[in-house]
file model-v6.txt (compact mmCIF, C-alpha atoms)
# COMPACT_ATOMS: atom_id res chain seq x y z
CA MET A 111 144.27 68.74 -32.84
CA THR A 112 143.05 72.16 -33.83
CA ASP A 113 142.69 73.27 -37.40
CA VAL A 114 145.70 75.57 -36.99
CA THR A 115 147.87 72.72 -35.76
CA ILE A 116 146.78 70.55 -38.68
CA LEU A 117 147.50 73.37 -41.13
CA ILE A 118 150.99 73.86 -39.70
CA ALA A 119 151.66 70.13 -39.95
CA VAL A 120 150.51 70.05 -43.57
CA ILE A 121 152.68 73.06 -44.49
CA ALA A 122 155.68 71.50 -42.72
CA LEU A 123 155.21 68.25 -44.63
CA ALA A 124 154.87 70.19 -47.90
CA LEU A 125 158.03 72.21 -47.22
CA TRP A 126 160.13 69.30 -46.01
CA PRO A 127 161.29 68.24 -49.53
CA ILE A 128 162.35 71.82 -50.18
CA VAL A 129 164.22 71.93 -46.88
CA LEU A 130 165.97 68.68 -47.76
CA PHE A 131 166.89 70.05 -51.19
CA LEU A 132 168.34 73.23 -49.68
CA MET A 133 170.30 71.26 -47.11
CA ARG A 134 171.70 69.01 -49.85
CA PHE A 135 172.49 72.04 -52.02
CA MET A 136 174.36 73.77 -49.19
CA HIS A 137 176.24 70.57 -48.42
CA GLU A 138 177.34 70.16 -52.05
CA ARG A 139 178.31 73.83 -52.24
CA ARG A 140 180.37 73.48 -49.08
CA LYS A 141 182.09 70.42 -50.56
CA ARG A 142 182.97 72.40 -53.73
CA LEU A 143 184.32 75.29 -51.67
CA ASP A 144 186.36 72.87 -49.58
CA HIS A 145 187.74 71.33 -52.77
CA ILE A 146 188.72 74.77 -54.11
CA GLU A 147 190.41 75.57 -50.81
CA ARG A 148 192.33 72.30 -50.91
CA MET A 149 193.20 72.97 -54.53
CA THR A 150 194.53 76.40 -53.58
CA ARG A 151 196.90 74.81 -51.11
CA ASP A 152 197.85 71.52 -52.75
CA GLU A 153 196.96 71.30 -56.42
CA LEU A 154 197.42 74.71 -58.03
CA ASP A 155 200.95 73.79 -59.07
CA ASN A 156 199.38 71.50 -61.67
CA ILE A 157 197.40 74.31 -63.31
CA SER A 158 199.00 75.71 -66.46
CA THR A 159 200.22 79.29 -66.35
CA GLN A 160 197.89 80.21 -69.19
CA LYS A 161 194.82 78.87 -67.37
CA LEU A 162 195.91 80.71 -64.26
CA VAL A 163 196.18 83.94 -66.25
CA ILE A 164 192.73 83.45 -67.76
CA SER A 165 191.21 82.77 -64.33
CA VAL A 166 192.78 85.89 -62.83
CA LEU A 167 191.73 88.10 -65.76
CA LYS A 168 188.12 86.95 -65.42
CA LYS A 169 188.19 87.77 -61.70
CA ILE A 170 189.22 91.37 -62.43
CA GLY A 171 186.41 91.80 -64.99
CA CYS A 172 188.19 91.08 -68.29
CA GLN A 173 186.99 88.73 -71.03
CA PRO A 174 190.10 86.85 -72.17
CA GLU A 175 190.30 84.86 -75.38
CA ILE A 176 193.00 82.76 -77.06
CA ASN A 177 194.26 84.07 -80.41
CA GLU A 178 195.74 82.14 -83.33
CA GLU A 179 199.22 82.37 -81.83
CA GLY A 180 198.08 80.81 -78.57
CA HIS A 181 198.31 84.05 -76.59
CA VAL A 182 195.69 85.35 -74.17
CA THR A 183 194.09 88.49 -75.60
CA PHE A 184 191.84 90.91 -73.72
CA LYS A 185 190.94 94.55 -73.20
CA TYR A 186 191.66 96.55 -70.07
CA GLN A 187 190.41 100.12 -69.67
CA GLY A 188 189.70 100.13 -73.41
CA ASP A 189 193.24 99.19 -74.49
CA ASP A 190 194.30 95.98 -76.21
CA PHE A 191 196.60 93.60 -74.34
CA TYR A 192 197.90 90.12 -74.86
CA ILE A 193 199.82 87.78 -72.59
CA ALA A 194 202.30 85.10 -73.61
CA ALA A 195 202.73 82.48 -70.88
CA GLU A 196 205.93 80.53 -70.27
CA GLU A 197 204.69 77.25 -68.86
CA GLU A 198 208.02 75.83 -67.72
CA ASN A 199 209.06 78.63 -65.38
CA ARG A 200 205.81 80.47 -64.50
CA PHE A 201 206.73 83.71 -66.24
CA ILE A 202 204.38 85.78 -68.37
CA MET A 203 205.01 88.55 -70.89
CA ILE A 204 202.30 91.21 -71.00
CA TRP A 205 202.13 93.27 -74.20
CA ASN A 206 200.16 96.45 -74.84
CA PRO A 207 200.55 96.77 -78.64
CA TRP A 208 199.91 99.89 -80.72
CA TRP A 209 198.80 102.06 -77.81
CA GLY A 210 200.18 105.05 -79.71
CA SER A 211 201.61 105.97 -83.08
CA ILE A 212 203.40 108.80 -84.84
CA ASN A 213 204.08 109.59 -88.48
CA VAL A 214 207.70 109.05 -89.57
CA ASP A 215 207.77 112.62 -90.91
CA ASN A 216 206.63 114.16 -87.63
CA GLU A 217 209.24 116.65 -86.37
CA ALA A 218 208.64 115.43 -82.81
CA LEU A 219 209.94 111.95 -83.65
CA PRO A 220 213.55 112.53 -82.46
CA VAL A 221 212.23 113.89 -79.18
CA LEU A 222 209.89 110.91 -78.80
CA LYS A 223 212.80 108.49 -79.09
CA GLU A 224 214.68 110.41 -76.39
CA VAL A 225 211.65 110.36 -74.12
CA ILE A 226 211.07 106.61 -74.54
CA ASN A 227 214.69 105.85 -73.68
CA ALA A 228 214.55 108.09 -70.61
CA VAL A 229 211.25 106.62 -69.34
CA ASN A 230 212.44 103.04 -69.89
CA VAL A 231 215.39 103.54 -67.55
CA ASN A 232 213.15 103.93 -64.49
CA SER A 233 210.03 102.06 -65.54
CA LEU A 234 208.76 98.59 -64.71
CA VAL A 235 207.17 98.65 -68.18
CA THR A 236 209.42 98.88 -71.23
CA THR A 237 208.28 100.68 -74.38
CA VAL A 238 209.60 99.98 -77.87
CA TYR A 239 208.84 101.58 -81.21
CA MET A 240 208.53 99.74 -84.51
CA VAL A 241 208.29 101.17 -88.01
CA ASP A 242 205.44 100.23 -90.32
CA GLU A 243 207.06 100.92 -93.68
CA ASP A 244 203.81 100.54 -95.63
CA GLU A 245 201.93 103.07 -93.53
CA LYS A 246 204.97 105.30 -92.85
CA THR A 247 204.02 105.11 -89.21
CA ILE A 248 205.88 104.27 -86.03
CA GLY A 249 203.88 102.27 -83.51
CA LEU A 250 204.45 102.33 -79.76
CA HIS A 251 204.26 99.03 -77.92
CA SER A 252 204.84 98.42 -74.20
CA ARG A 253 205.64 95.18 -72.39
CA CYS A 254 206.28 93.78 -68.94
CA HIS A 255 207.88 90.45 -67.96
CA THR A 256 206.89 89.06 -64.55
CA PHE A 257 206.80 85.91 -62.43
CA PHE A 258 203.22 84.63 -62.11
CA SER A 259 202.77 81.71 -59.72
CA PRO A 260 199.64 80.49 -57.88
CA ASN A 261 201.65 80.54 -54.66
CA GLU A 262 202.56 84.23 -54.84
CA GLY A 263 199.66 85.75 -52.91
CA GLU A 264 196.98 88.07 -54.31
CA LEU A 265 197.34 87.53 -58.06
CA GLU A 266 194.32 89.69 -58.89
CA GLU A 267 195.86 92.72 -57.21
CA HIS A 268 199.24 91.95 -58.78
CA MET A 269 197.71 91.78 -62.27
CA LYS A 270 195.75 95.01 -61.81
CA MET A 271 198.85 96.78 -60.51
CA LEU A 272 200.84 95.74 -63.58
CA LEU A 273 198.11 96.67 -66.05
CA ASP A 274 197.59 100.06 -64.38
CA TYR A 275 201.33 100.68 -64.63
CA PHE A 276 201.07 100.54 -68.42
CA PHE A 277 198.86 103.61 -68.34
CA ASP A 278 201.27 105.35 -65.99
CA THR A 279 203.94 104.71 -68.61
CA HIS A 280 201.71 106.11 -71.37
CA ASN A 281 201.20 109.27 -69.37
CA ALA A 282 204.90 109.63 -68.52
CA ILE A 283 205.85 109.42 -72.20
CA LYS A 284 203.14 111.85 -73.27
CA ASP A 285 203.93 114.36 -70.51
CA ASN A 286 207.67 114.29 -71.21
CA LEU A 287 207.04 114.57 -74.93
CA ASN A 288 204.93 117.67 -74.38
CA GLN A 289 207.56 119.24 -72.14
CA LEU A 290 210.53 118.50 -74.39
CA GLY A 291 208.65 119.21 -77.58
CA SER A 292 207.85 122.72 -76.43
CA ALA A 293 211.37 123.44 -75.20
CA THR A 294 213.83 125.32 -77.36
CA GLY A 295 217.60 125.18 -77.24
CA SER A 296 220.82 124.70 -79.12
CA GLU A 297 222.00 121.41 -80.58
CA GLU A 298 224.42 121.03 -77.68
CA GLU A 299 221.59 121.41 -75.19
CA LYS A 300 219.59 118.77 -77.02
CA LYS A 301 222.52 116.35 -76.93
CA GLU A 302 222.98 116.95 -73.22
CA ARG A 303 219.30 116.33 -72.66
CA VAL A 304 219.37 112.75 -73.96
CA LYS A 305 222.19 111.47 -71.77
CA VAL A 306 221.27 108.86 -69.21
CA LYS A 307 223.65 109.59 -66.35
CA GLY A 308 223.47 106.13 -64.83
CA PHE A 309 224.91 104.58 -68.01
CA ALA A 310 227.93 106.89 -68.28
CA ALA A 311 230.00 104.88 -65.80
CA TYR A 312 229.87 101.83 -68.04
CA LYS A 313 230.80 103.51 -71.32
CA GLU A 314 234.51 102.67 -71.17
CA ASN A 315 233.69 98.95 -71.00
CA THR A 316 231.53 98.94 -74.11
CA VAL A 317 232.22 96.50 -76.93
CA PRO A 318 231.78 97.73 -80.50
CA ILE A 319 229.16 95.77 -82.44
CA GLU A 320 230.04 95.16 -86.06
CA PRO A 321 228.44 92.87 -88.64
CA GLU A 322 230.45 89.81 -89.50
CA LYS A 323 232.05 89.78 -92.90
CA PRO A 324 231.06 86.91 -95.16
CA ALA A 325 233.70 84.22 -95.52
CA CYS A 326 235.51 84.14 -98.86
call {"tool": "encode", "arguments": {"input": "model-v6.txt", "output": "structure tokens"}}
result
Amino acid sequence: MTDVTILIAVIALALWPIVLFLMRFMHERRKRLDHIERMTRDELDNISTQKLVISVLKKIGCQPEINEEGHVTFKYQGDDFYIAAEEENRFIMIWNPWWGSINVDNEALPVLKEVINAVNVNSLVTTVYMVDEDEKTIGLHSRCHTFFSPNEGELEEHMKMLLDYFFDTHNAIKDNLNQLGSATGSEEEKKERVKVKGFAAYKENTVPIEPEKPAC
């Protein structure tokens, strides 16, 4: 045997443990991937909705945490969100709290209420406003209720679509507020502006809501 042949044999013997380790590592990795694939098909129904939400949020780059109320909290595009999971029926409620606020004395407040009602009619995301009496401030909070099952396809894309829609709603409210806030007109024109035409057909079937009187 030549010196070169001997050297090659020595190197091969030295590398053989490494080769074995790599082969074992690839085999174990393949087994884990196969297990995940089987889990995707057969076992995901046993995963809680909350754990599914956390997994999906991590995949889209968020850092979810669990707050004191047991909700999943995280930031997306700099905004605060939290998700309440309904374990029994695979529904989740996504909240985007305090994404905007306005002082109760602001003259644009009546217009803002009109705008929110109008945007809610055609929006996947619903916005509500709540008064903070201590701060004399009205906070804007948006929410979306959706089915969230491991068997419903690309959950990462679904989650991103929903979260992005919150910002579309923000922009729609702001844009409409700017347009209506700068418009001038009579009181009659303002009243006409707030009507939601799709609701008018149901007005005659409305039931008056009155507080119950205490029993004597």
call {"tool": "closest_atom_pairs", "arguments": {"input": "model-v6.txt", "of": "range 265-290 of chain A", "to": "range 199-217 of chain A", "cutoff": "10 Å", "atoms": "only C-alpha atoms", "output": "tab-separated table"}}
result
residue	atom	partner	partner_atom	distance
A:Met269	CA	A:Ile204	CA	9.9
A:Leu272	CA	A:Ile204	CA	8.8
A:Leu273	CA	A:Ile204	CA	8.5
A:Phe276	CA	A:Asn206	CA	7.7
A:Phe277	CA	A:Trp209	CA	9.6
A:His280	CA	A:Trp209	CA	8.1
A:Lys284	CA	A:Gly210	CA	9.8
call {"tool": "write_last_selection", "arguments": {"input": "model-v6.txt", "atoms": "C-alpha atoms", "output": "short mmCIF file (atom, residue, chain, number, x, y, z; two decimals), in the frame of the given file"}}
result
data_model
loop_
_atom_site.label_atom_id
_atom_site.label_comp_id
_atom_site.auth_asym_id
_atom_site.auth_seq_id
_atom_site.Cartn_x
_atom_site.Cartn_y
_atom_site.Cartn_z
CA MET A 269 197.71 91.78 -62.27
CA LEU A 272 200.84 95.74 -63.58
CA LEU A 273 198.11 96.67 -66.05
CA PHE A 276 201.07 100.54 -68.42
CA PHE A 277 198.86 103.61 -68.34
CA HIS A 280 201.71 106.11 -71.37
CA LYS A 284 203.14 111.85 -73.27
#
call {"tool": "closest_residue", "arguments": {"input": "model-v6.txt", "among": "A:Ser158, A:Met133, A:Ser233, A:Lys169", "to": "Leu265 in chain A", "atoms": "only C-alpha atoms"}}
result
A:Lys169
call {"tool": "atom_distance", "arguments": {"input": "model-v6.txt", "atom1": "CA of Ala194 in chain A", "atom2": "CA of His181 in chain A"}}
result
5.1 Å
call {"tool": "atom_distance", "arguments": {"input": "model-v6.txt", "atom1": "CA of Lys185 in chain A", "atom2": "CA of His268 in chain A"}}
result
16.8 Å
call {"tool": "closest_residue", "arguments": {"input": "model-v6.txt", "among": "A:Glu224, A:Glu243, A:Asp189, A:Asp274", "to": "Leu287 in chain A", "atoms": "only C-alpha atoms"}}
result
A:Glu224
call {"tool": "atom_distance", "arguments": {"input": "model-v6.txt", "atom1": "CA of Asn288 in chain A", "atom2": "CA of Tyr192 in chain A"}}
result
28.4 Å
call {"tool": "closest_residue", "arguments": {"input": "model-v6.txt", "among": "A:Ile176, A:Gln187, A:Ser252, A:Val166", "to": "Val229 in chain A", "atoms": "only C-alpha atoms"}}
result
A:Ser252
call {"tool": "residues_around", "arguments": {"input": "model-v6.txt", "residues": "Val238 in chain A", "least_positions_apart": "4", "cutoff": "8 Å", "atoms": "all atoms listed in the file", "output": "number ranges by chain"}}
result
A: 226, 250-252
call {"tool": "closest_residue", "arguments": {"input": "model-v6.txt", "among": "A:Asn281, A:Thr183, A:Asp242, A:Lys270", "to": "Gly171 in chain A", "atoms": "only C-alpha atoms"}}
result
A:Lys270
